[in-house]
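Here is the structure we will look at, set down as structure tokens.
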Amino acid sequence: MATTTASAASKEDFIALFDTFRADIDDSNDRRERLIKASRDITNLSKKTIFLLHRIVQSDTHPNQDEQGLAKRAAQQGYEKLREIQDLYAKLQPELQGDRFWRYQRQVSPGLQEYIEALSFAHYLDYGSLITFDEVQHTLMDSQGVEYFPLTVSDYLLGLSDLTGELMRFAISGIARRGGRKKASEVCAFVRGCKSDFERMTPYIRELSKKQSVTAQSLEKIEDAAYAIVVRSSEYDLSPEMLDDIVAQSISNYSGDGIRQPPGHRRRADMSDEEDDNI
């Protein structure tokens with residue numbers, strides 16, 4: 001009788017133990033699904049921010065309007081849009097406490113890289129420079145300076161690498177504007193410097209080498225456009241202002257294929273495919 005009682009108690013203990021395992025697994029799966037959904041929302045908001053920045057800097061302006069002032073205005077509106085993403089990350093803080101961030105990093109990274117791309121683009125328009133690691137991490141803190149989660153070097157560099165594609169669009173789409181030739185040359189030099197600096201990190205960051213090849217394509221597009229403008233400009237003995245007008249008239253006749261993203265550029269438009277790889 002005692003043996004039977006002990007056996008029944010042991011069975012109940014095993015059932016209770018596996019019930020605990022089941023609850024932990026269900027909790028993990030639910031958290032993972034919440035993070036994937038949040039990452040999709042962050043990606044969509046980041047894309048909207050990037051489109052907003054392009055739309056403002058490409059808007060028609062008065063001939064006497066300061067281009068730098070327009071870029072700063074675009075950046076400020078971009079920062080306001082990015083606060084929505086920062087609020088989402090604040091809500092995710094309890095989900096990523098302790099070692100949970102490292103457990104679910106693959107679900108967080110896609111949206112985080114897209115956020116860094118949008119943030120770095122706004123920062124470039126505002127300051128004309130590359131946003132630093134500490135500045136990105138500072139945007140992922142609460143008012144007391146507590147990090148929502150640790151920013152990894154890999155996510156930081158991969159997000160910055162995506163920035164070069166947006167700078168290519170920015171340079172080529174604005175080359176027809178007054179002063180656009182000079183701006184395209186500045187962006188070209190900036191992207192060339194980014195590619196050179198990132199090259200040293202390719203042995204240590206997974207996927208960075210693939211992004212570097214896309215950066216090279218973006219750089220080549222900017223260089224081709226700038227070179228073509230310089231060659232054509234040398235055929236005319238005109239003032240820079242008149243050359244800008246000629247370039248604007250010529251560019252306006254194009255279909256716009258020159259400012260599309262290069263094939264293979266990782267824009268993460270299809271998040272589901274990427275997340276399937278992370279499952």
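So you can find residues: chains in the structure tokens are A, B, ... in the order shown, residues in each start at 1, and ligands are numbered from 1 in order.
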At most 12 Å is the cut-off: for each residue in region 17-107 of chain A with any atom that close to an atom of region 153-173 of chain A, write down the nearest atom pair and the distance in Å rounded to one decimal, counting only C-alpha atoms, chain first then increasing number, as CSV.
residue,atom,partner,partner_atom,distance
A:Thr43,CA,A:Gly159,CA,11.9
A:Ser46,CA,A:Gly159,CA,11.5
A:Lys47,CA,A:Glu166,CA,10.9
A:Thr49,CA,A:Glu166,CA,11.8
A:Ile50,CA,A:Glu166,CA,8.1
A:Phe51,CA,A:Glu166,CA,9.7
A:Leu53,CA,A:Phe170,CA,9.5
A:His54,CA,A:Phe170,CA,6.9
A:Arg55,CA,A:Phe170,CA,10.0
A:Ile56,CA,A:Phe170,CA,11.0
A:Val57,CA,A:Phe170,CA,8.2
A:Gln58,CA,A:Ser173,CA,7.4
A:Ser59,CA,A:Ser173,CA,10.8
A:Ala71,CA,A:Phe170,CA,11.0
A:Gln105,CA,A:Asp155,CA,9.8
A:Arg106,CA,A:Asp155,CA,10.3
Keeping N, CA and C atoms, export the residues of the selection given above as a short mmCIF file (atom, residue, chain, number, x, y, z; two decimals), in the first residue's frame.
data_model
loop_
_atom_site.label_atom_id
_atom_site.label_comp_id
_atom_site.auth_asym_id
_atom_site.auth_seq_id
_atom_site.Cartn_x
_atom_site.Cartn_y
_atom_site.Cartn_z
N THR A 43 10.27 48.06 -38.19
CA THR A 43 10.76 48.12 -39.57
C THR A 43 9.87 49.02 -40.42
N SER A 46 10.39 52.62 -39.50
CA SER A 46 11.70 53.08 -39.98
C SER A 46 11.66 53.39 -41.47
N LYS A 47 10.99 52.53 -42.23
CA LYS A 47 10.85 52.78 -43.66
C LYS A 47 10.08 54.08 -43.91
N THR A 49 9.94 56.61 -42.00
CA THR A 49 10.81 57.73 -41.65
C THR A 49 11.79 58.02 -42.79
N ILE A 50 12.35 56.98 -43.37
CA ILE A 50 13.29 57.17 -44.48
C ILE A 50 12.59 57.82 -45.67
N PHE A 51 11.39 57.35 -45.99
CA PHE A 51 10.63 57.95 -47.09
C PHE A 51 10.31 59.42 -46.80
N LEU A 53 12.09 61.49 -44.96
CA LEU A 53 13.32 62.27 -45.12
C LEU A 53 13.60 62.54 -46.59
N HIS A 54 13.46 61.52 -47.42
CA HIS A 54 13.69 61.71 -48.87
C HIS A 54 12.68 62.70 -49.45
N ARG A 55 11.44 62.57 -49.03
CA ARG A 55 10.39 63.43 -49.59
C ARG A 55 10.63 64.89 -49.25
N ILE A 56 11.08 65.16 -48.04
CA ILE A 56 11.30 66.55 -47.64
C ILE A 56 12.51 67.15 -48.34
N VAL A 57 13.62 66.41 -48.39
CA VAL A 57 14.84 66.97 -48.99
C VAL A 57 14.71 67.08 -50.50
N GLN A 58 13.77 66.34 -51.11
CA GLN A 58 13.58 66.42 -52.55
C GLN A 58 12.44 67.36 -52.93
N SER A 59 11.81 67.98 -51.93
CA SER A 59 10.68 68.86 -52.23
C SER A 59 11.17 70.11 -52.93
N ALA A 71 17.60 70.43 -45.13
CA ALA A 71 18.05 69.14 -44.61
C ALA A 71 17.84 69.04 -43.10
N GLN A 105 17.92 37.84 -29.64
CA GLN A 105 18.58 38.87 -30.44
C GLN A 105 18.25 38.73 -31.92
N ARG A 106 18.14 37.53 -32.42
CA ARG A 106 17.88 37.33 -33.85
C ARG A 106 16.49 37.83 -34.24
#
Q: Enumerate, as number ranges by chain, the complete set of residues in region 108-264 of chain A that a backbone-based DSSP assignment places in alpha helix (DSSP H).
A: A: 108-127, 133-138, 153-173, 180-199, 208-233, 240-251
Q | Residues within 12 Å of Ser143 (chain A), only C-alpha atoms, excluding chain neighbours under 4 positions, as JSON, numbers by chain | A | {"A": [86, 87, 90, 138, 139, 147, 148]}
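For the residues A:Arg32, A:Ile15, A:Ala225, A:Tyr127, ranking by smallest atom-to-atom distance to Arg103 (chain A) using only C-alpha atoms places A:Arg32 first.
As for CA of Asp66 (chain A) and CA of Ala184 (chain A), they are spaced 16.5 Å apart.
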Please identify all polymer residues within 12 Å of region 21-29 of chain A, counting only C-alpha atoms, omitting same-chain residues fewer than 6 positions from it, and present them as a compact mmCIF listing (two decimals) with all heavy atoms, in the first residue's frame.
# COMPACT_ATOMS: atom_id res chain seq x y z
N PHE A 14 6.26 14.21 -11.33
CA PHE A 14 6.72 14.28 -12.72
C PHE A 14 5.77 15.11 -13.57
O PHE A 14 6.20 15.90 -14.42
CB PHE A 14 6.87 12.87 -13.29
CG PHE A 14 8.20 12.25 -13.03
CD1 PHE A 14 8.33 11.20 -12.14
CD2 PHE A 14 9.34 12.71 -13.67
CE1 PHE A 14 9.56 10.64 -11.88
CE2 PHE A 14 10.57 12.15 -13.43
CZ PHE A 14 10.70 11.09 -12.52
N ILE A 15 4.48 14.92 -13.37
CA ILE A 15 3.50 15.69 -14.14
C ILE A 15 3.61 17.17 -13.84
O ILE A 15 3.58 18.02 -14.74
CB ILE A 15 2.07 15.18 -13.83
CG1 ILE A 15 1.89 13.75 -14.37
CG2 ILE A 15 1.02 16.11 -14.44
CD1 ILE A 15 0.55 13.13 -14.01
N LEU A 35 7.95 39.75 -29.98
CA LEU A 35 9.14 40.47 -30.43
C LEU A 35 9.19 40.53 -31.96
O LEU A 35 9.62 41.53 -32.54
CB LEU A 35 10.40 39.80 -29.88
CG LEU A 35 10.60 39.95 -28.37
CD1 LEU A 35 11.78 39.11 -27.91
CD2 LEU A 35 10.81 41.41 -28.00
N ILE A 36 8.78 39.45 -32.61
CA ILE A 36 8.75 39.45 -34.08
C ILE A 36 7.75 40.48 -34.59
O ILE A 36 8.04 41.24 -35.53
CB ILE A 36 8.40 38.04 -34.61
CG1 ILE A 36 9.57 37.08 -34.38
CG2 ILE A 36 8.05 38.10 -36.10
CD1 ILE A 36 9.28 35.65 -34.79
N GLU A 95 10.59 42.70 -21.75
CA GLU A 95 10.73 41.45 -22.50
C GLU A 95 12.20 41.08 -22.74
O GLU A 95 12.50 39.93 -23.05
CB GLU A 95 10.03 41.58 -23.87
CG GLU A 95 8.57 41.97 -23.81
CD GLU A 95 7.66 40.79 -23.56
OE1 GLU A 95 8.18 39.69 -23.22
OE2 GLU A 95 6.44 40.95 -23.71
N LEU A 96 13.09 42.05 -22.60
CA LEU A 96 14.49 41.85 -22.96
C LEU A 96 15.44 42.04 -21.79
O LEU A 96 16.62 42.30 -21.98
CB LEU A 96 14.88 42.82 -24.10
CG LEU A 96 14.08 42.67 -25.39
CD1 LEU A 96 14.40 43.79 -26.36
CD2 LEU A 96 14.37 41.31 -26.04
N ARG A 100 17.70 37.69 -21.61
CA ARG A 100 16.67 37.48 -22.63
C ARG A 100 17.04 38.14 -23.94
O ARG A 100 16.69 37.64 -25.01
CB ARG A 100 15.33 38.04 -22.14
CG ARG A 100 14.66 37.21 -21.05
CD ARG A 100 13.37 37.88 -20.62
NE ARG A 100 12.70 37.14 -19.56
CZ ARG A 100 11.64 37.60 -18.92
NH1 ARG A 100 11.12 38.80 -19.23
NH2 ARG A 100 11.08 36.88 -17.96
N ARG A 103 19.04 35.88 -25.94
CA ARG A 103 18.24 34.73 -26.38
C ARG A 103 17.39 35.07 -27.58
O ARG A 103 17.17 34.23 -28.47
CB ARG A 103 17.36 34.26 -25.22
CG ARG A 103 16.54 33.02 -25.54
CD ARG A 103 15.78 32.56 -24.31
NE ARG A 103 15.03 31.34 -24.57
CZ ARG A 103 14.27 30.72 -23.67
NH1 ARG A 103 14.18 31.21 -22.43
NH2 ARG A 103 13.62 29.62 -23.99
N TYR A 104 16.88 36.32 -27.62
CA TYR A 104 15.98 36.73 -28.70
C TYR A 104 16.61 37.77 -29.63
O TYR A 104 15.89 38.47 -30.33
CB TYR A 104 14.69 37.30 -28.09
CG TYR A 104 13.95 36.33 -27.21
CD1 TYR A 104 14.01 36.44 -25.82
CD2 TYR A 104 13.19 35.30 -27.76
CE1 TYR A 104 13.32 35.56 -25.01
CE2 TYR A 104 12.50 34.42 -26.95
CZ TYR A 104 12.58 34.54 -25.57
OH TYR A 104 11.91 33.66 -24.77
N GLN A 107 15.58 37.88 -33.31
CA GLN A 107 14.26 38.44 -33.59
C GLN A 107 14.28 39.98 -33.49
O GLN A 107 13.49 40.65 -34.14
CB GLN A 107 13.22 37.89 -32.62
CG GLN A 107 12.77 36.47 -32.92
CD GLN A 107 13.82 35.43 -32.61
OE1 GLN A 107 14.38 35.41 -31.53
NE2 GLN A 107 14.11 34.57 -33.57
N ILE A 279 14.08 31.59 -37.20
CA ILE A 279 13.30 30.66 -36.38
C ILE A 279 14.17 29.45 -35.99
O ILE A 279 14.83 28.90 -36.83
CB ILE A 279 12.04 30.17 -37.14
CG1 ILE A 279 11.12 31.37 -37.38
CG2 ILE A 279 11.32 29.09 -36.36
CD1 ILE A 279 9.90 31.03 -38.19
All residues 10 Å or closer to Lys48 (chain A), only C-alpha atoms, same chain fewer than 6 positions away omitted, as a short mmCIF file (atom, residue, chain, number, x, y, z; two decimals) with all heavy atoms, in the first residue's frame:
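Dumped everything to selection-v5.cif:
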data_model
loop_
_atom_site.label_atom_id
_atom_site.label_comp_id
_atom_site.auth_asym_id
_atom_site.auth_seq_id
_atom_site.Cartn_x
_atom_site.Cartn_y
_atom_site.Cartn_z
N ILE A 42 8.49 48.10 -36.07
CA ILE A 42 9.64 49.01 -36.06
C ILE A 42 10.21 49.15 -37.46
O ILE A 42 10.59 50.25 -37.88
CB ILE A 42 10.70 48.49 -35.07
CG1 ILE A 42 10.19 48.66 -33.64
CG2 ILE A 42 12.03 49.20 -35.26
CD1 ILE A 42 11.01 47.92 -32.60
N HIS A 54 13.46 61.52 -47.42
CA HIS A 54 13.69 61.71 -48.87
C HIS A 54 12.68 62.70 -49.45
O HIS A 54 13.03 63.55 -50.27
CB HIS A 54 13.57 60.38 -49.60
CG HIS A 54 14.82 59.54 -49.53
ND1 HIS A 54 16.03 59.94 -50.05
CD2 HIS A 54 15.03 58.31 -49.00
CE1 HIS A 54 16.92 58.99 -49.86
NE2 HIS A 54 16.35 57.99 -49.23
N GLY A 78 12.25 63.84 -38.96
CA GLY A 78 12.63 62.44 -38.85
C GLY A 78 12.81 62.02 -37.40
O GLY A 78 12.38 60.93 -36.99
N LYS A 81 9.49 61.38 -35.81
CA LYS A 81 8.92 60.10 -36.23
C LYS A 81 9.61 58.94 -35.54
O LYS A 81 8.97 57.94 -35.16
CB LYS A 81 9.07 59.96 -37.76
CG LYS A 81 8.30 58.79 -38.36
CD LYS A 81 6.82 59.03 -38.35
CE LYS A 81 6.07 57.92 -39.06
NZ LYS A 81 4.61 58.10 -39.01
N LEU A 82 10.92 59.06 -35.33
CA LEU A 82 11.68 57.99 -34.70
C LEU A 82 11.34 57.83 -33.22
O LEU A 82 11.61 56.78 -32.63
CB LEU A 82 13.18 58.26 -34.86
CG LEU A 82 13.73 58.09 -36.28
CD1 LEU A 82 15.16 58.59 -36.37
CD2 LEU A 82 13.65 56.63 -36.72
N ALA A 118 17.58 54.43 -40.42
CA ALA A 118 16.77 55.65 -40.46
C ALA A 118 17.37 56.74 -39.58
O ALA A 118 17.45 57.91 -39.97
CB ALA A 118 15.34 55.34 -40.04
#
Please, which residues in region 50-150 of chain A fall within 12 Å of region 186-193 of chain A when counting only C-alpha atoms, and what is the closest atom pair and distance in Å to one decimal for each, ordered by chain then residue number, as JSON lines?
{"residue": "A:Phe121", "atom": "CA", "partner": "A:Val187", "partner_atom": "CA", "distance": 11.9}
{"residue": "A:Tyr124", "atom": "CA", "partner": "A:Val187", "partner_atom": "CA", "distance": 10.0}
{"residue": "A:Leu125", "atom": "CA", "partner": "A:Val187", "partner_atom": "CA", "distance": 10.8}
{"residue": "A:Gly128", "atom": "CA", "partner": "A:Phe190", "partner_atom": "CA", "distance": 9.0}
{"residue": "A:Ser129", "atom": "CA", "partner": "A:Phe190", "partner_atom": "CA", "distance": 8.3}
{"residue": "A:Leu130", "atom": "CA", "partner": "A:Phe190", "partner_atom": "CA", "distance": 9.0}
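Here CA of Gly98 (chain A) and CA of Pro150 (chain A) stand 9.9 Å from one another.
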